[in-house]
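Asker: Provided herewith: input_3.txt, compact mmCIF, C-alpha atoms.
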# COMPACT_ATOMS: atom_id res chain seq x y z
CA MET A 856 89.65 64.41 125.68
CA ASN A 857 89.54 60.80 124.60
CA PRO A 858 93.13 59.33 124.28
CA ASP A 859 92.26 57.76 120.89
CA ALA A 860 91.14 61.13 119.59
CA VAL A 861 94.38 62.74 120.86
CA GLU A 862 96.45 60.08 119.08
CA GLU A 863 94.42 60.54 115.89
CA ASN A 864 94.92 64.33 116.08
CA GLN A 865 98.67 63.86 116.53
CA GLU A 866 98.81 61.55 113.52
CA GLU A 867 96.91 64.08 111.39
CA GLY A 868 99.27 66.80 112.65
CA ASN A 869 102.31 64.73 111.65
CA ILE A 870 100.91 64.15 108.15
CA LEU A 871 100.31 67.89 107.80
CA VAL A 872 103.88 68.66 108.96
CA TRP A 873 105.27 66.30 106.29
CA LEU A 874 102.96 67.62 103.58
CA THR A 875 103.89 71.23 104.40
CA GLY A 876 107.60 70.38 104.43
CA LEU A 877 107.37 68.63 101.07
CA ALA A 878 105.31 71.46 99.58
CA PHE A 879 107.92 74.01 100.69
CA LEU A 880 110.72 71.85 99.29
CA ALA A 881 108.90 71.66 95.95
CA ALA A 882 108.27 75.42 96.07
CA MET A 883 111.97 76.16 96.71
CA ILE A 884 113.01 73.91 93.81
CA ALA A 885 110.46 75.58 91.54
CA ILE A 886 111.43 79.12 92.62
CA PHE A 887 115.21 78.74 92.40
CA ILE A 888 115.68 76.05 89.74
CA TYR A 889 112.58 75.41 87.63
CA VAL A 890 111.15 78.83 86.84
CA PRO A 891 113.08 80.95 84.28
CA THR A 892 114.34 84.41 85.20
CA GLU A 893 111.94 87.16 84.23
CA ARG A 894 113.24 89.25 81.33
CA THR A 895 112.71 92.85 82.53
CA GLU A 896 113.12 92.61 86.32
CA GLY A 897 115.69 89.82 86.51
CA VAL A 898 116.20 87.58 89.58
CA ILE A 899 114.54 90.07 91.94
CA GLN A 900 111.16 89.12 90.41
CA ARG A 901 111.47 85.76 92.24
CA ILE A 902 110.44 87.63 95.40
CA MET A 903 106.94 87.46 93.94
CA TYR A 904 106.76 83.74 94.86
CA PHE A 905 107.03 84.71 98.56
CA HIS A 906 105.32 88.09 98.44
CA VAL A 907 102.09 87.05 96.70
CA PRO A 908 101.55 83.83 98.77
CA SER A 909 102.20 85.81 101.97
CA ALA A 910 99.58 88.34 100.87
CA TRP A 911 97.16 85.54 99.95
CA LEU A 912 97.70 83.84 103.30
CA SER A 913 97.16 87.03 105.29
CA PHE A 914 93.97 87.88 103.37
CA PHE A 915 92.71 84.31 103.83
CA ALA A 916 93.56 84.45 107.56
CA PHE A 917 91.66 87.74 107.94
CA PHE A 918 88.73 86.24 106.02
CA VAL A 919 88.67 83.41 108.58
CA VAL A 920 88.72 86.07 111.35
CA PHE A 921 85.77 87.78 109.65
CA ILE A 922 83.71 84.56 109.40
CA CYS A 923 84.59 83.33 112.90
CA SER A 924 83.85 86.76 114.40
CA ILE A 925 80.39 86.75 112.82
CA LEU A 926 79.81 83.21 114.10
CA PHE A 927 80.99 84.23 117.57
CA LEU A 928 78.64 87.22 117.72
CA TRP A 929 75.81 85.02 116.51
CA LYS A 930 76.36 81.84 118.53
CA LYS A 931 78.37 83.22 121.49
CA GLU A 932 80.56 80.11 121.53
CA ARG A 933 84.16 80.54 122.77
CA GLU A 934 85.37 78.13 120.06
CA TRP A 935 84.78 80.75 117.32
CA ASP A 936 86.64 83.36 119.31
CA ILE A 937 89.64 81.01 119.58
CA TYR A 938 89.65 80.40 115.82
CA ALA A 939 89.43 84.14 115.13
CA GLN A 940 92.27 84.94 117.53
CA ALA A 941 94.58 82.25 116.13
CA SER A 942 93.85 83.28 112.55
CA ALA A 943 94.39 86.99 113.28
CA GLU A 944 97.80 86.25 114.76
CA ILE A 945 98.87 84.27 111.68
CA GLY A 946 97.41 86.96 109.41
CA VAL A 947 99.43 89.69 111.13
CA ILE A 948 102.66 87.67 110.83
CA PHE A 949 102.20 87.15 107.08
CA CYS A 950 100.92 90.69 106.48
CA SER A 951 104.16 91.87 108.14
CA LEU A 952 106.11 89.69 105.69
CA VAL A 953 104.20 91.31 102.80
CA LEU A 954 105.05 94.77 104.11
CA VAL A 955 108.75 93.89 104.37
CA THR A 956 109.25 91.85 101.19
CA GLY A 957 107.34 94.46 99.13
CA PRO A 958 109.82 97.29 99.81
CA ILE A 959 112.79 94.92 99.27
CA TRP A 960 111.32 94.16 95.83
CA ALA A 961 110.38 97.80 95.19
CA ARG A 962 113.79 99.37 95.97
CA PRO A 963 115.66 98.14 92.86
CA ILE A 964 112.58 98.31 90.59
CA TRP A 965 110.91 101.60 91.59
CA GLY A 966 114.00 103.23 93.06
CA ALA A 967 112.20 103.73 96.39
CA TRP A 968 111.53 101.53 99.41
CA TRP A 969 108.04 102.88 99.93
CA VAL A 970 105.51 105.06 98.12
CA TRP A 971 102.21 106.18 99.61
CA ASP A 972 100.07 104.74 96.83
CA ALA A 973 96.61 103.28 97.43
CA ARG A 974 97.66 99.60 97.51
CA LEU A 975 100.59 100.03 99.89
CA THR A 976 98.82 102.48 102.19
CA SER A 977 95.64 100.38 102.47
CA THR A 978 97.73 97.25 103.22
CA LEU A 979 99.55 99.15 105.96
CA ILE A 980 96.16 100.24 107.38
CA LEU A 981 95.02 96.59 107.32
CA TRP A 982 98.12 95.58 109.28
CA ILE A 983 97.55 98.37 111.85
CA ILE A 984 93.90 97.32 112.31
CA TYR A 985 94.80 93.69 113.07
CA VAL A 986 97.76 94.65 115.27
CA ALA A 987 95.21 96.76 117.20
CA TYR A 988 92.94 93.68 117.27
CA LEU A 989 95.70 91.60 118.90
CA MET A 990 96.58 94.43 121.31
CA LEU A 991 92.92 94.73 122.31
CA ARG A 992 92.95 91.04 123.17
CA THR A 993 96.01 91.37 125.37
CA GLN A 994 95.03 94.64 127.05
CA CYS A 995 91.42 93.87 128.00
CA ASP A 996 90.46 91.39 130.72
CA ALA A 997 89.44 87.97 129.48
CA GLY A 998 85.70 87.58 129.08
CA SER A 999 82.87 87.83 126.66
CA MET A 1000 83.15 91.65 126.35
CA ARG A 1001 86.75 91.37 125.17
CA ALA A 1002 85.75 88.74 122.65
CA ARG A 1003 82.81 90.88 121.51
CA TYR A 1004 84.93 94.02 120.96
CA ALA A 1005 87.56 91.94 119.16
CA ALA A 1006 84.90 90.33 116.94
CA VAL A 1007 83.57 93.75 115.90
CA LEU A 1008 87.09 94.95 115.06
CA GLY A 1009 87.78 91.67 113.23
CA ILE A 1010 84.72 92.22 111.03
CA VAL A 1011 85.36 95.93 110.38
CA GLY A 1012 89.03 95.26 109.56
CA PHE A 1013 88.16 92.76 106.88
CA LEU A 1014 86.10 95.34 104.97
CA ASN A 1015 89.45 96.90 103.99
CA ILE A 1016 90.45 93.84 101.91
CA PRO A 1017 88.17 94.39 98.87
CA PHE A 1018 89.40 98.00 98.90
CA ILE A 1019 93.03 96.74 98.82
CA HIS A 1020 92.24 94.40 95.92
CA PHE A 1021 90.48 97.01 93.79
CA SER A 1022 92.76 99.92 94.72
CA VAL A 1023 95.12 99.19 91.81
CA LEU A 1024 92.17 99.27 89.40
CA TRP A 1025 90.47 102.36 90.82
CA TRP A 1026 93.60 104.55 91.08
CA ARG A 1027 96.83 104.93 89.19
CA THR A 1028 99.36 103.22 91.48
CA PHE A 1029 103.02 102.23 91.48
CA HIS A 1030 101.96 98.74 92.48
CA PRO A 1031 101.31 96.57 89.40
CA GLN A 1032 97.78 95.48 88.49
CA PRO A 1033 96.64 91.89 89.25
CA LYS A 1034 98.28 89.29 87.00
CA VAL A 1035 96.78 86.08 88.39
CA ILE A 1036 93.09 87.00 88.42
CA THR A 1037 92.39 89.26 85.45
CA ASN A 1038 89.38 90.12 83.29
CA GLU A 1039 90.55 87.52 80.75
CA GLY A 1040 90.51 84.74 83.34
CA ILE A 1041 92.70 83.11 85.96
CA GLY A 1042 96.41 83.08 85.08
CA LYS A 1043 95.95 84.36 81.53
CA GLY A 1044 98.37 87.23 82.09
CA MET A 1045 101.25 84.97 83.17
CA ASP A 1046 103.74 82.53 81.72
CA PRO A 1047 102.60 78.92 82.50
CA THR A 1048 105.85 78.02 84.34
CA MET A 1049 105.54 81.13 86.49
CA LEU A 1050 101.91 80.34 87.17
CA ALA A 1051 102.79 76.74 88.15
CA THR A 1052 105.56 77.96 90.50
CA LEU A 1053 103.23 80.48 92.08
CA GLY A 1054 100.62 77.71 92.46
CA VAL A 1055 103.07 75.41 94.30
CA SER A 1056 104.15 78.27 96.55
CA LEU A 1057 100.52 79.19 97.28
CA CYS A 1058 99.82 75.54 98.22
CA ALA A 1059 102.84 75.45 100.57
CA PHE A 1060 101.80 78.67 102.33
CA THR A 1061 98.17 77.50 102.61
CA LEU A 1062 99.28 74.19 104.18
CA LEU A 1063 101.46 76.16 106.60
CA TYR A 1064 98.40 78.21 107.57
CA PHE A 1065 96.40 75.09 108.47
CA LEU A 1066 99.36 73.64 110.36
CA LEU A 1067 99.87 76.80 112.41
CA MET A 1068 96.12 77.16 112.99
CA GLY A 1069 95.90 73.61 114.33
CA VAL A 1070 98.74 74.21 116.78
CA ARG A 1071 97.47 77.61 117.95
CA VAL A 1072 93.88 76.41 118.41
CA ARG A 1073 95.05 73.42 120.47
CA GLN A 1074 97.21 75.75 122.53
CA GLU A 1075 94.34 78.14 123.26
CA ASN A 1076 92.06 75.23 124.21
CA LEU A 1077 94.71 73.93 126.61
CA LYS A 1078 95.13 77.43 128.08
CA ASP A 1079 91.36 77.63 128.66
CA GLU A 1080 91.40 74.22 130.33
CA ILE A 1081 94.28 75.24 132.64
CA ASP A 1082 92.48 78.49 133.54
CA ARG A 1083 89.31 76.54 134.29
CA LEU A 1084 91.18 74.10 136.56
CA LYS A 1085 92.93 76.99 138.31
CA LYS A 1086 89.59 78.67 139.01
CA GLU A 1087 88.14 75.40 140.31
CA LYS A 1088 91.13 75.00 142.60
CA LEU A 1089 90.76 78.60 143.79
CA TYR A 1090 87.10 78.14 144.68
CA SER A 1091 87.64 74.75 146.31
CA SER A 1092 90.44 76.03 148.61
CA MET B 316 120.03 93.38 86.29
CA ASP B 317 121.67 91.65 89.24
CA ASN B 318 119.83 92.05 92.51
CA LEU B 319 120.80 88.84 94.26
CA GLY B 320 121.39 90.69 97.53
CA PHE B 321 117.76 91.90 97.60
CA LEU B 322 116.47 88.40 96.76
CA PHE B 323 118.62 86.96 99.54
CA ALA B 324 117.35 89.61 102.00
CA ALA B 325 113.72 88.82 101.13
CA ASN B 326 114.39 85.11 101.67
CA VAL B 327 116.01 85.76 105.04
CA VAL B 328 113.03 87.91 106.09
CA VAL B 329 110.43 85.29 105.08
CA TRP B 330 112.21 82.29 106.60
CA GLY B 331 113.33 84.29 109.62
CA GLY B 332 109.78 85.47 110.22
CA ILE B 333 108.30 81.98 109.95
CA ILE B 334 111.01 80.42 112.15
CA TYR B 335 110.65 83.17 114.76
CA TYR B 336 106.86 82.68 114.89
CA VAL B 337 107.25 78.90 115.28
CA TYR B 338 109.79 79.57 118.05
CA THR B 339 107.33 81.82 119.93
CA ILE B 340 104.65 79.12 119.62
CA ARG B 341 107.11 76.61 121.10
CA GLN B 342 107.94 78.95 123.97
CA ARG B 343 104.23 79.39 124.73
CA ASN B 344 103.80 75.62 124.63
CA ARG B 345 106.60 75.20 127.16
CA ALA B 346 105.04 77.80 129.46
CA LEU B 347 101.69 75.99 129.24
CA GLU B 348 103.30 72.62 129.97
CA LYS B 349 105.02 74.13 133.02
CA ASP B 350 101.70 75.60 134.17
CA LEU B 351 100.00 72.24 133.73
CA GLU B 352 102.70 70.42 135.69
CA LEU B 353 102.44 72.93 138.55
CA LEU B 354 98.68 72.55 138.59
CA LYS B 355 98.95 68.75 138.64
CA GLU B 356 101.44 68.89 141.53
CA THR B 357 99.19 71.20 143.53
CA LEU B 358 96.14 69.05 142.91
CA ASN B 359 98.05 65.88 143.84
CA ARG B 360 99.29 67.47 147.07
CA LYS B 361 95.71 68.39 147.95
CA GLY B 362 94.47 65.08 146.62
Transcribe the structure of this file into structure tokens.

Answerer:
Amino acid sequence: MNPDAVEENQEEGNILVWLTGLAFLAAMIAIFIYVPTERTEGVIQRIMYFHVPSAWLSFFAFFVVFICSILFLWKKEREWDIYAQASAEIGVIFCSLVLVTGPIWARPIWGAWWVWDARLTSTLILWIIYVAYLMLRTQCDAGSMRARYAAVLGIVGFLNIPFIHFSVLWWRTFHPQPKVITNEGIGKGMDPTMLATLGVSLCAFTLLYFLLMGVRVRQENLKDEIDRLKKEKLYSS
Amino acid sequence: MDNLGFLFAANVVVWGGIIYYVYTIRQRNRALEKDLELLKETLNRKG
């Protein structure tokens, strides 16, 4: 890689680190100082500002897996496989956070840590699918077949997401119905200060996604390069 | 309703999760750097 390009990449990375840090600082101020306490649920409702952005980030990450997997199957370029792998890993981390913060929020409100309703169960299934996706990548030998199997699983797994979104509308569930995107429009069902706080938190989590993606993609590229050099050395000796 | 303990727990989980993931990325980076150094040394010795 050209040294100028490396320097430019590092500079862009540093800007993104600062932007993400500032966005999280703003989000923390908004969550714990700016936004008023919700009347019926009390302070526990503030978990929403972590829970919803984590869910958004994981769904977005799995959407990237879906797109990159299609592109990989179509173009057979390793680059798309790397993007899909990195995004799946981030998606699983944040989906895990959704599955942990949800029950912490549910316990004082519903009186139970977990209920097998459509939204919770389908989110758990989504998590299991992408954990299986990551396990498949570590268990199979490196090569195009591994990438191909993973791409198929990455595409199939994403088909669960519309089901998760509509599950609260199709069935009667414990999980509340969407408040941000409703039939009346975006954010119509929420207080403006709550919507603004959620917006800042969503921005912070989205920036974190791009930051983590950048690092993981660079890491996978470097790993490929090392493997290539090792193979060259093996054949030359 | 006072559920500060639950809010605190959720915060710890989210920040803990993010910090742990960043830590694992750092560890993998270190392993890669070590690998690269070893490779460079071997190539230089052959060189």

Asker: Which one is closest to chain A: B:Val327, B:Tyr338, B:Lys349, B:Leu322? Count only C-alpha atoms.

Answerer: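 Checking each candidate against chain A, we get B:Leu322 as the closest.
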
Asker: Using all atoms listed in the file, select each residue of chain B with any atom at most 7 Å away from an atom of chain A, and give the selection as a list in words.

Answerer: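 Matching residues, ligands excluded from the count: Met316, Asp317, Asn318, Leu319, Phe321, Leu322, Ala325, Val329, Asn344, Leu347 and Leu351 of chain B.
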
Asker: Please compute the CA of Val986 (chain A)-CA of Ala882 (chain A) distance, one decimal, in Å.

Answerer: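 Taking CA of Val986 (chain A) as the start and CA of Ala882 (chain A) as the end point, the length is 29.1 Å.
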
Asker: (92.6, 89.8, 103.8) in this file's frame - what residues fall within 9 Å of it? Use only C-alpha atoms and give the answer as a PyMOL selection string.

Answerer: chain A and resi 910-919+946+950+981+1012-1017+1019

Asker: Tell me, in Å to one decimal, how far CA of Ile340 (chain B) is from CA of Leu1066 (chain A).

Answerer: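 Calculated distance between CA of Ile340 (chain B) and CA of Leu1066 (chain A) is 12.0 Å.
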
Asker: What lies within 12 Å of Met990 (chain A) using all atoms listed in the file, ignoring chain neighbours under 2 positions off, as a VMD selection string?

Answerer: chain A and resid 940 943 to 944 947 983 to 988 992 to 996 1001 1004 to 1005 1008

Asker: Keeping only C-alpha atoms, write the selected residues as an mmCIF file, keeping the file's coordinate frame.

Answerer:
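Written file, part39.cif:
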data_model
loop_
_atom_site.group_PDB
_atom_site.id
_atom_site.type_symbol
_atom_site.label_atom_id
_atom_site.label_comp_id
_atom_site.auth_asym_id
_atom_site.auth_seq_id
_atom_site.Cartn_x
_atom_site.Cartn_y
_atom_site.Cartn_z
ATOM 1 C CA GLN A 940 92.270 84.940 117.530
ATOM 2 C CA ALA A 943 94.390 86.990 113.280
ATOM 3 C CA GLU A 944 97.800 86.250 114.760
ATOM 4 C CA VAL A 947 99.430 89.690 111.130
ATOM 5 C CA ILE A 983 97.550 98.370 111.850
ATOM 6 C CA ILE A 984 93.900 97.320 112.310
ATOM 7 C CA TYR A 985 94.800 93.690 113.070
ATOM 8 C CA VAL A 986 97.760 94.650 115.270
ATOM 9 C CA ALA A 987 95.210 96.760 117.200
ATOM 10 C CA TYR A 988 92.940 93.680 117.270
ATOM 11 C CA ARG A 992 92.950 91.040 123.170
ATOM 12 C CA THR A 993 96.010 91.370 125.370
ATOM 13 C CA GLN A 994 95.030 94.640 127.050
ATOM 14 C CA CYS A 995 91.420 93.870 128.000
ATOM 15 C CA ASP A 996 90.460 91.390 130.720
ATOM 16 C CA ARG A 1001 86.750 91.370 125.170
ATOM 17 C CA TYR A 1004 84.930 94.020 120.960
ATOM 18 C CA ALA A 1005 87.560 91.940 119.160
ATOM 19 C CA LEU A 1008 87.090 94.950 115.060
#

Asker: Starting from 6 Å padding per side, set up an axis-aligned box that covers all listed atoms of region 973-992 of chain A and hand over centre and edge lengths in Å, one decimal, as AutoDock Vina command-line options.

Answerer:
--center_x 96.8 --center_y 97.2 --center_z 110.3 --size_x 19.7 --size_y 24.2 --size_z 37.7

Asker: Please measure the separation of CA of Asn359 (chain B) and CA of Glu1087 (chain A), giving the value in Å to one decimal.

Answerer: 14.2 Å
